[in-house]
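Colleague: Below is my_file-v1.pdb; it holds PDB, C-alpha atoms.
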MODEL        1
ATOM      1  CA  MET A1148    -102.463 156.087 -66.952
ATOM      2  CA  TRP A1149    -100.361 154.846 -69.886
ATOM      3  CA  GLN A1150     -99.061 158.369 -70.364
ATOM      4  CA  ALA A1151     -98.047 158.576 -66.707
ATOM      5  CA  LEU A1152     -96.322 155.183 -66.905
ATOM      6  CA  SER A1153     -94.544 156.294 -70.070
ATOM      7  CA  ALA A1154     -93.157 159.354 -68.263
ATOM      8  CA  GLU A1155     -92.106 157.200 -65.304
ATOM      9  CA  LEU A1156     -90.209 154.632 -67.375
ATOM     10  CA  ALA A1157     -88.716 156.903 -70.030
ATOM     11  CA  PRO A1158     -85.579 157.681 -67.935
ATOM     12  CA  LEU A1159     -84.914 153.921 -67.858
ATOM     13  CA  GLY A1160     -84.923 153.733 -71.644
ATOM     14  CA  ILE A1161     -88.458 152.411 -72.106
ATOM     15  CA  THR A1162     -90.663 153.950 -74.796
ATOM     16  CA  ILE A1163     -94.355 153.165 -74.510
ATOM     17  CA  VAL A1164     -96.389 153.601 -77.670
ATOM     18  CA  THR A1165    -100.165 153.381 -77.386
ATOM     19  CA  VAL A1166    -102.206 152.458 -80.446
ATOM     20  CA  ALA A1167    -105.925 153.034 -80.970
ATOM     21  CA  MET A1168    -107.443 150.330 -83.177
ATOM     22  CA  ASP A1169    -110.163 152.403 -84.823
ATOM     23  CA  ALA A1170    -111.234 152.623 -88.461
ATOM     24  CA  GLU A1171    -112.425 156.210 -87.944
ATOM     25  CA  VAL A1172    -109.445 158.442 -87.282
ATOM     26  CA  GLU A1173    -111.440 161.341 -85.911
ATOM     27  CA  LYS A1174    -112.982 159.174 -83.180
ATOM     28  CA  ALA A1175    -109.525 158.395 -81.791
ATOM     29  CA  ARG A1176    -107.875 161.746 -82.479
ATOM     30  CA  PRO A1177    -108.822 163.454 -79.163
ATOM     31  CA  TRP A1178    -106.829 160.859 -77.211
ATOM     32  CA  VAL A1179    -103.874 161.080 -79.585
ATOM     33  CA  ASP A1180    -103.876 164.867 -79.342
ATOM     34  CA  ALA A1181    -104.122 164.720 -75.547
ATOM     35  CA  ALA A1182    -101.023 162.512 -75.397
ATOM     36  CA  ALA A1183     -98.927 164.795 -77.594
ATOM     37  CA  PRO A1184     -96.160 165.793 -77.624
ATOM     38  CA  THR A1185     -94.506 163.697 -74.924
ATOM     39  CA  HIS A1186     -96.260 160.369 -75.401
ATOM     40  CA  PRO A1187     -96.324 158.686 -78.837
ATOM     41  CA  SER A1188     -99.828 157.528 -79.704
ATOM     42  CA  LEU A1189    -100.927 156.079 -83.046
ATOM     43  CA  ILE A1190    -104.106 154.964 -84.843
ATOM     44  CA  ASP A1191    -104.338 151.539 -86.477
ATOM     45  CA  ARG A1192    -107.201 151.960 -88.942
ATOM     46  CA  THR A1193    -106.958 148.448 -90.407
ATOM     47  CA  HIS A1194    -106.339 146.597 -87.125
ATOM     48  CA  SER A1195    -103.027 145.391 -88.536
ATOM     49  CA  LEU A1196    -101.701 144.759 -85.033
ATOM     50  CA  GLY A1197    -104.021 141.771 -84.909
ATOM     51  CA  GLY A1198    -102.197 140.088 -87.754
ATOM     52  CA  ALA A1199     -98.719 141.301 -86.828
ATOM     53  CA  LEU A1200     -98.747 140.686 -83.080
ATOM     54  CA  GLY A1201    -101.982 138.917 -82.188
ATOM     55  CA  PHE A1202    -103.889 141.780 -80.554
ATOM     56  CA  VAL A1203    -107.545 140.750 -80.170
ATOM     57  CA  ASN A1204    -108.722 143.149 -77.462
ATOM     58  CA  VAL A1205    -107.784 146.257 -75.521
ATOM     59  CA  PRO A1206    -105.826 146.851 -73.449
ATOM     60  CA  MET A1207    -103.172 144.456 -74.717
ATOM     61  CA  ALA A1208     -99.436 145.006 -75.041
ATOM     62  CA  ALA A1209     -96.286 143.403 -76.392
ATOM     63  CA  TRP A1210     -92.730 144.075 -75.271
ATOM     64  CA  ILE A1211     -89.922 144.644 -77.791
ATOM     65  CA  ASP A1212     -86.329 145.034 -76.633
ATOM     66  CA  GLU A1213     -83.656 147.432 -77.869
ATOM     67  CA  ASN A1214     -82.630 144.948 -80.552
ATOM     68  CA  GLY A1215     -86.123 144.762 -82.005
ATOM     69  CA  VAL A1216     -86.732 141.314 -80.531
ATOM     70  CA  LEU A1217     -90.133 140.435 -79.111
ATOM     71  CA  VAL A1218     -89.659 139.485 -75.457
ATOM     72  CA  ARG A1219     -93.323 139.181 -74.523
ATOM     73  CA  PRO A1220     -96.130 138.469 -77.000
ATOM     74  CA  ALA A1221     -99.511 140.184 -77.026
ATOM     75  CA  GLU A1222    -101.227 139.760 -73.659
ATOM     76  CA  SER A1223    -103.654 141.493 -71.343
ATOM     77  CA  ALA A1224    -102.038 144.684 -70.084
ATOM     78  CA  ARG A1225    -104.047 146.561 -67.506
ATOM     79  CA  VAL A1226    -102.153 149.363 -65.768
ATOM     80  CA  GLN A1227    -105.073 150.910 -63.895
ATOM     81  CA  GLY A1228    -107.315 149.350 -61.281
ATOM     82  CA  SER A1229    -111.060 149.006 -61.624
ATOM     83  CA  ALA A1230    -113.085 151.415 -59.533
ATOM     84  CA  MET A1231    -116.281 149.386 -59.908
ATOM     85  CA  ALA A1232    -115.819 146.726 -57.217
ATOM     86  CA  GLY A1233    -117.203 148.863 -54.420
ATOM     87  CA  VAL A1234    -119.828 150.749 -56.396
ATOM     88  CA  LYS A1235    -123.422 150.350 -55.289
ATOM     89  CA  ILE A1236    -125.697 149.675 -58.244
ATOM     90  CA  PRO A1237    -128.464 152.305 -58.275
ATOM     91  CA  ASP A1238    -132.027 151.104 -58.053
ATOM     92  CA  GLY A1239    -134.349 151.307 -61.013
ATOM     93  CA  LEU A1240    -131.815 150.826 -63.790
ATOM     94  CA  PRO A1241    -132.725 148.789 -66.881
ATOM     95  CA  PRO A1242    -131.825 145.089 -66.463
ATOM     96  CA  ARG A1243    -129.069 145.180 -69.096
ATOM     97  CA  ILE A1244    -127.368 148.120 -67.415
ATOM     98  CA  VAL A1245    -127.537 146.261 -64.100
ATOM     99  CA  ALA A1246    -125.983 143.216 -65.771
ATOM    100  CA  ARG A1247    -123.095 145.366 -66.973
ATOM    101  CA  PHE A1248    -122.523 146.776 -63.503
ATOM    102  CA  GLU A1249    -122.504 143.276 -62.056
ATOM    103  CA  LEU A1250    -119.909 142.116 -64.567
ATOM    104  CA  PHE A1251    -117.551 144.950 -63.718
ATOM    105  CA  LYS A1252    -118.049 144.557 -59.971
ATOM    106  CA  ASP A1253    -116.392 141.141 -60.299
ATOM    107  CA  VAL A1254    -113.159 142.651 -61.654
ATOM    108  CA  ASP A1255    -110.301 142.543 -59.142
ATOM    109  CA  PRO A1256    -109.505 146.199 -58.326
ATOM    110  CA  ASN A1257    -105.863 145.199 -57.810
ATOM    111  CA  GLY A1258    -105.638 142.971 -60.867
ATOM    112  CA  HIS A1259    -103.386 145.458 -62.641
ATOM    113  CA  LEU A1260    -100.632 145.362 -60.024
ATOM    114  CA  PRO A1261     -98.803 142.215 -61.271
ATOM    115  CA  TYR A1262     -98.465 143.688 -64.749
ATOM    116  CA  LEU A1263     -97.208 147.013 -63.423
ATOM    117  CA  ALA A1264     -94.639 145.221 -61.267
ATOM    118  CA  ALA A1265     -93.490 143.145 -64.235
ATOM    119  CA  ILE A1266     -92.988 146.037 -66.649
ATOM    120  CA  ARG A1267     -91.150 148.036 -63.989
ATOM    121  CA  ASP A1268     -88.918 145.042 -63.315
ATOM    122  CA  TRP A1269     -88.114 144.719 -67.021
ATOM    123  CA  ALA A1270     -87.451 148.455 -67.285
ATOM    124  CA  SER A1271     -84.909 148.171 -64.448
ATOM    125  CA  LYS A1272     -83.234 144.861 -65.332
ATOM    126  CA  GLY A1273     -83.709 144.439 -69.074
ATOM    127  CA  ALA A1274     -82.775 140.975 -70.299
ATOM    128  CA  ASP A1275     -82.059 139.887 -66.714
ATOM    129  CA  SER A1276     -85.700 140.382 -65.722
ATOM    130  CA  GLU A1277     -87.578 137.187 -64.973
ATOM    131  CA  PHE A1278     -90.388 138.576 -67.121
ATOM    132  CA  ALA A1279     -88.268 138.819 -70.302
ATOM    133  CA  LEU A1280     -89.042 135.605 -72.174
ATOM    134  CA  THR A1281     -86.834 133.617 -74.516
ATOM    135  CA  PRO A1282     -87.807 133.410 -78.202
ATOM    136  CA  GLU A1283     -89.042 129.869 -77.617
ATOM    137  CA  GLU A1284     -91.245 131.013 -74.734
ATOM    138  CA  VAL A1285     -92.591 133.901 -76.812
ATOM    139  CA  VAL A1286     -93.615 131.507 -79.594
ATOM    140  CA  ALA A1287     -95.218 129.107 -77.110
ATOM    141  CA  ARG A1288     -97.329 131.884 -75.591
ATOM    142  CA  SER A1289     -98.312 133.600 -78.827
ATOM    143  CA  GLN A1290    -101.888 133.501 -80.099
ATOM    144  CA  PRO A1291    -102.537 130.924 -82.844
ATOM    145  CA  ARG A1292    -102.602 132.169 -86.410
ATOM    146  CA  GLY A1293    -104.368 129.358 -88.201
ATOM    147  CA  TYR A1294    -106.533 129.204 -91.295
ATOM    148  CA  ASP A1295    -109.622 130.668 -89.624
ATOM    149  CA  GLU A1296    -107.680 133.550 -88.066
ATOM    150  CA  ALA A1297    -106.049 134.379 -91.400
ATOM    151  CA  ARG A1298    -109.417 134.308 -93.179
ATOM    152  CA  ALA A1299    -110.956 136.477 -90.457
ATOM    153  CA  ALA A1300    -108.228 139.087 -90.938
ATOM    154  CA  ALA A1301    -108.819 139.090 -94.697
ATOM    155  CA  CYS A1302    -112.591 139.422 -94.201
ATOM    156  CA  PHE A1303    -112.181 142.307 -91.792
ATOM    157  CA  GLU A1304    -109.781 144.142 -94.099
ATOM    158  CA  LEU A1305    -112.022 143.643 -97.129
ATOM    159  CA  GLY A1306    -115.018 144.807 -95.122
ATOM    160  CA  GLU A1307    -113.255 148.000 -94.099
ATOM    161  CA  HIS A1308    -112.236 148.672 -97.724
ATOM    162  CA  LEU A1309    -115.829 148.185 -98.863
ATOM    163  CA  ARG A1310    -117.190 150.357 -96.055
ATOM    164  CA  GLU A1311    -114.986 153.217 -97.205
ATOM    165  CA  THR A1312    -115.476 152.776-100.955
ATOM    166  CA  VAL A1313    -119.032 151.440-101.275
ATOM    167  CA  GLY A1314    -120.838 151.693 -97.953
ATOM    168  CA  VAL A1315    -121.615 149.819 -94.771
ATOM    169  CA  ASP A1316    -124.069 147.431 -96.437
ATOM    170  CA  ALA A1317    -121.252 146.062 -98.587
ATOM    171  CA  ALA A1318    -119.014 145.631 -95.538
ATOM    172  CA  THR A1319    -121.542 143.903 -93.310
ATOM    173  CA  PRO A1320    -121.383 140.300 -94.625
ATOM    174  CA  TRP A1321    -117.596 140.342 -94.542
ATOM    175  CA  TRP A1322    -117.477 141.655 -90.986
ATOM    176  CA  ARG A1323    -120.072 139.138 -89.892
ATOM    177  CA  GLU A1324    -117.892 136.414 -91.378
ATOM    178  CA  ALA A1325    -114.828 137.769 -89.535
ATOM    179  CA  HIS A1326    -116.789 137.565 -86.280
ATOM    180  CA  ARG A1327    -117.803 133.978 -87.031
ATOM    181  CA  LEU A1328    -114.305 132.837 -87.958
ATOM    182  CA  GLN A1329    -112.588 134.382 -84.946
ATOM    183  CA  PRO A1330    -115.146 134.956 -82.188
ATOM    184  CA  SER A1331    -112.411 135.697 -79.655
ATOM    185  CA  ASN A1332    -111.272 138.763 -81.621
ATOM    186  CA  TRP A1333    -113.045 141.553 -79.799
ATOM    187  CA  THR A1334    -111.456 144.318 -81.865
ATOM    188  CA  TYR A1335    -113.283 143.061 -84.962
ATOM    189  CA  LYS A1336    -116.568 142.831 -83.096
ATOM    190  CA  ARG A1337    -116.356 146.120 -81.240
ATOM    191  CA  GLN A1338    -115.306 148.022 -84.348
ATOM    192  CA  ALA A1339    -118.396 146.852 -86.227
ATOM    193  CA  TRP A1340    -120.757 147.245 -83.275
ATOM    194  CA  THR A1341    -119.667 150.744 -82.313
ATOM    195  CA  LEU A1342    -119.794 152.035 -85.896
ATOM    196  CA  GLU A1343    -123.329 150.719 -86.168
ATOM    197  CA  SER A1344    -124.565 152.068 -82.832
ATOM    198  CA  THR A1345    -122.805 155.454 -82.834
ATOM    199  CA  ALA A1346    -124.933 158.328 -84.048
ATOM    200  CA  ASP A1347    -123.411 160.678 -86.636
ATOM    201  CA  GLY A1348    -121.261 163.327 -84.997
ATOM    202  CA  GLN A1349    -121.283 161.607 -81.604
ATOM    203  CA  PRO A1350    -118.377 160.082 -79.657
ATOM    204  CA  SER A1351    -117.900 156.338 -80.043
ATOM    205  CA  ASP A1352    -120.669 154.372 -78.364
ATOM    206  CA  LEU A1353    -119.099 152.075 -75.772
ATOM    207  CA  ILE A1354    -122.354 150.375 -74.755
ATOM    208  CA  GLN A1355    -122.718 148.526 -78.074
ATOM    209  CA  GLU A1356    -126.196 147.155 -77.549
ATOM    210  CA  PRO A1357    -127.916 144.773 -80.012
ATOM    211  CA  THR A1358    -128.552 145.987 -83.543
ATOM    212  CA  ASP A1359    -130.316 144.493 -86.555
ATOM    213  CA  ARG A1360    -127.092 144.381 -88.560
ATOM    214  CA  TYR A1361    -124.975 142.021 -86.427
ATOM    215  CA  GLU A1362    -125.760 138.860 -84.507
ATOM    216  CA  GLY A1363    -123.783 139.698 -81.390
ATOM    217  CA  ASN A1364    -123.380 142.558 -78.955
ATOM    218  CA  TRP A1365    -120.959 143.335 -76.159
ATOM    219  CA  LEU A1366    -122.921 142.217 -73.104
ATOM    220  CA  ASP A1367    -124.357 138.978 -74.468
ATOM    221  CA  ASP A1368    -121.081 137.917 -76.080
ATOM    222  CA  VAL A1369    -119.050 138.598 -72.937
ATOM    223  CA  VAL A1370    -121.472 136.527 -70.863
ATOM    224  CA  ALA A1371    -121.505 133.733 -73.460
ATOM    225  CA  GLN A1372    -117.701 133.540 -73.424
ATOM    226  CA  GLY A1373    -117.432 133.231 -69.662
ATOM    227  CA  GLY A1374    -117.532 136.785 -68.360
ATOM    228  CA  LEU A1375    -114.798 139.377 -67.935
ATOM    229  CA  ALA A1376    -112.317 136.791 -66.660
ATOM    230  CA  ASN A1377    -112.035 135.573 -70.259
ATOM    231  CA  TYR A1378    -112.638 138.966 -71.867
ATOM    232  CA  THR A1379    -109.804 140.654 -69.962
ATOM    233  CA  PRO A1380    -107.689 137.790 -68.585
ATOM    234  CA  GLY A1381    -105.109 138.519 -65.937
ATOM    235  CA  PHE A1382    -101.390 138.907 -66.584
ATOM    236  CA  SER A1383     -99.735 135.523 -67.156
ATOM    237  CA  GLY A1384     -96.552 136.371 -65.264
ATOM    238  CA  ALA A1385     -93.036 135.015 -65.751
TER     239      ALA A1385
ENDMDL
END
What does the file become when written as structure tokens?
Modeller:
Amino acid sequence: MWQALSAELAPLGITIVTVAMDAEVEKARPWVDAAAPTHPSLIDRTHSLGGALGFVNVPMAAWIDENGVLVRPAESARVQGSAMAGVKIPDGLPPRIVARFELFKDVDPNGHLPYLAAIRDWASKGADSEFALTPEEVVARSQPRGYDEARAAACFELGEHLRETVGVDAATPWWREAHRLQPSNWTYKRQAWTLESTADGQPSDLIQEPTDRYEGNWLDDVVAQGGLANYTPGFSGA
């Protein structure tokens, strides 16, 4: 869907760049290759977008104008509707799978439409769009970058360095500390969980069930933090 939106808005001067936040390049490469050559798609191995722009989940996006000025900070950016609302949950599934289905059934299937309307408006009107924020508004809406967030970023980066140079056992305590310091940063959590639960040679595991290595897991943490309404909040508008 991002690739289709990129093609739609390109004649208006908008370039959409999608970035996979994944420490393992080969896991993300199929999507990057599929987007080539018309749609620029990158891989952020160190999750540097978290520190630079405040990305803590996917999909999130930030808008940058032709002068390199940030006109919308990192925010939820869904451009495709959920197909789960009307799905009947099959009988006989394990309770945790049922719980996942129930979470996704609560997602508004039209929740992506306000964001699509906003980015199209900005593409057409530029600085005159009601959705293009002033620098003061951008700062006010930006995610906090306090002491705990800065320490979490350092812990995650050190953990990734140790995972590559020493092994996952050396990385684990640092990643666990990153999760503790910034529990709202889902990219830190999901990176650790999926590396732990993905079998060698297999595509990334998106279920991310409990493991012995980490305290949390996707389903239980989403529920604990208030469900998908907080995990993938709606577009904040003008």
Colleague: Using 9 Å as the limit and counting all atoms listed in the file, can you tabulate each residue of segment 1164-1197 of chain A that touches segment 1341-1365 of chain A, with its shortest atom-to-atom distance in Å and the two atoms involved, as a tab-separated table?
Modeller:
residue	atom	partner	partner_atom	distance
A:Ala1170	CA	A:Leu1342	CA	9.0
A:Glu1171	CA	A:Leu1342	CA	8.7
A:Lys1174	CA	A:Ser1351	CA	6.5
A:Ala1175	CA	A:Ser1351	CA	8.8
Colleague: If you measure from atom CA of Asp1268 of chain A to atom CA of Ser1229 of chain A, what distance in Å do you get, rounded to one decimal?
Modeller: 22.6 Å
Colleague: In Å to one decimal, how far is atom CA of Ser1223 of chain A from atom CA of Thr1379 of chain A?
Modeller: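 Going from atom CA of Thr1379 of chain A over to atom CA of Ser1223 of chain A covers 6.4 Å.
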Colleague: Skipping near chain neighbours, those fewer than 6 positions away, what residues fall within 10 Å of Arg1310 of chain A using only C-alpha atoms, listed as an MDAnalysis selection string?
Modeller: chainID A and resid 1170 1304 1316:1319
Colleague: Just want the 10 Å neighbourhood of segment 1244-1251 of chain A, counted on all atoms listed in the file, with same-chain residues fewer than 5 positions away dropped. Output as number ranges by chain.
Modeller: A: 1229-1232, 1234-1239, 1256, 1354, 1365-1367, 1369-1370, 1374-1376
Colleague: So the first atom is atom CA of Leu1217 of chain A and the second is atom CA of Pro1282 of chain A; what is the distance between them in Å, to one decimal place?
Modeller: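 Value for the atom CA of Leu1217 of chain A-atom CA of Pro1282 of chain A distance: 7.5 Å.
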Colleague: Considering only C-alpha atoms, state which residue in the set A:Ala1182, A:Met1168, A:Ile1163, A:Val1218 is at the smallest distance from Val1286 of chain A.
Modeller: A:Val1218
Colleague: Pick out the closest residue to Leu1189 of chain A from this set: A:Val1164, A:Leu1156, A:Ala1224, A:Ala1297. Count only C-alpha atoms.
Modeller: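 Result for the nearest residue to Leu1189 of chain A: A:Val1164.
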Colleague: Quick one: residues within 10 Å of Ala1301 of chain A, only C-alpha atoms, excluding same-chain residues fewer than 3 positions away - as a PyMOL selection string?
Modeller: chain A and resi 1198+1295-1298+1304-1307+1321-1322+1325
Colleague: I'd like to know which of A:His1194, A:Ala1270, A:Leu1280, A:Leu1328 is closest to Asp1169 of chain A, using all atoms listed in the file.
Modeller: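 Answer, going by the shortest atom-to-atom distance: A:His1194.
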Colleague: From the options A:Gly1215, A:Gly1273, A:Gly1233, A:Gly1258, which residue's atoms come nearest to Pro1380 of chain A, counting all atoms listed in the file?
Modeller: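 Answer, going by the shortest atom-to-atom distance: A:Gly1258.
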Colleague: Extract, using all atoms listed in the file, all DNA, RNA and protein residues at most 9 Å from Leu1152 of chain A, discarding same-chain residues fewer than 5 positions from it, and format them as a PyMOL selection string.
Modeller: chain A and resi 1157+1163+1226+1263
Colleague: Pick out the closest residue to Ala1279 of chain A from this set: A:Leu1260, A:Ala1209, A:Cys1302, A:Val1172. Count only C-alpha atoms.
Modeller: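 Under the stated criterion, the closest residue is A:Ala1209.
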Colleague: For Ser1289 of chain A, please output as a ChimeraX atom specification all residues within 9 Å (counting all atoms listed in the file; exclusion window: fewer than 5 positions along the same chain).
Modeller: /A:1200-1201,1219-1222,1284
Colleague: Nearest residue to Ser1271 of chain A out of A:Gly1228, A:Gly1373, A:Pro1242, A:Gly1160, using only C-alpha atoms?
Modeller: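 Ranked by minimum distance to Ser1271 of chain A, first place goes to A:Gly1160.
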Colleague: Mind telling me what the PyMOL selection byres ((chain A and resi 1187) around 9) catches here, as number ranges by chain?
Modeller: A: 1150, 1162-1166, 1179, 1182-1186, 1188-1189
Colleague: Kindly compute an axis-aligned box around the listed atoms of segment 1230-1245 of chain A, allowing 6 Å on each side, and express its centre and edge lengths in Å to one decimal as AutoDock Vina command-line options.
Modeller:
--center_x -123.7 --center_y 148.7 --center_z -61.8 --size_x 33.3 --size_y 19.2 --size_z 26.7
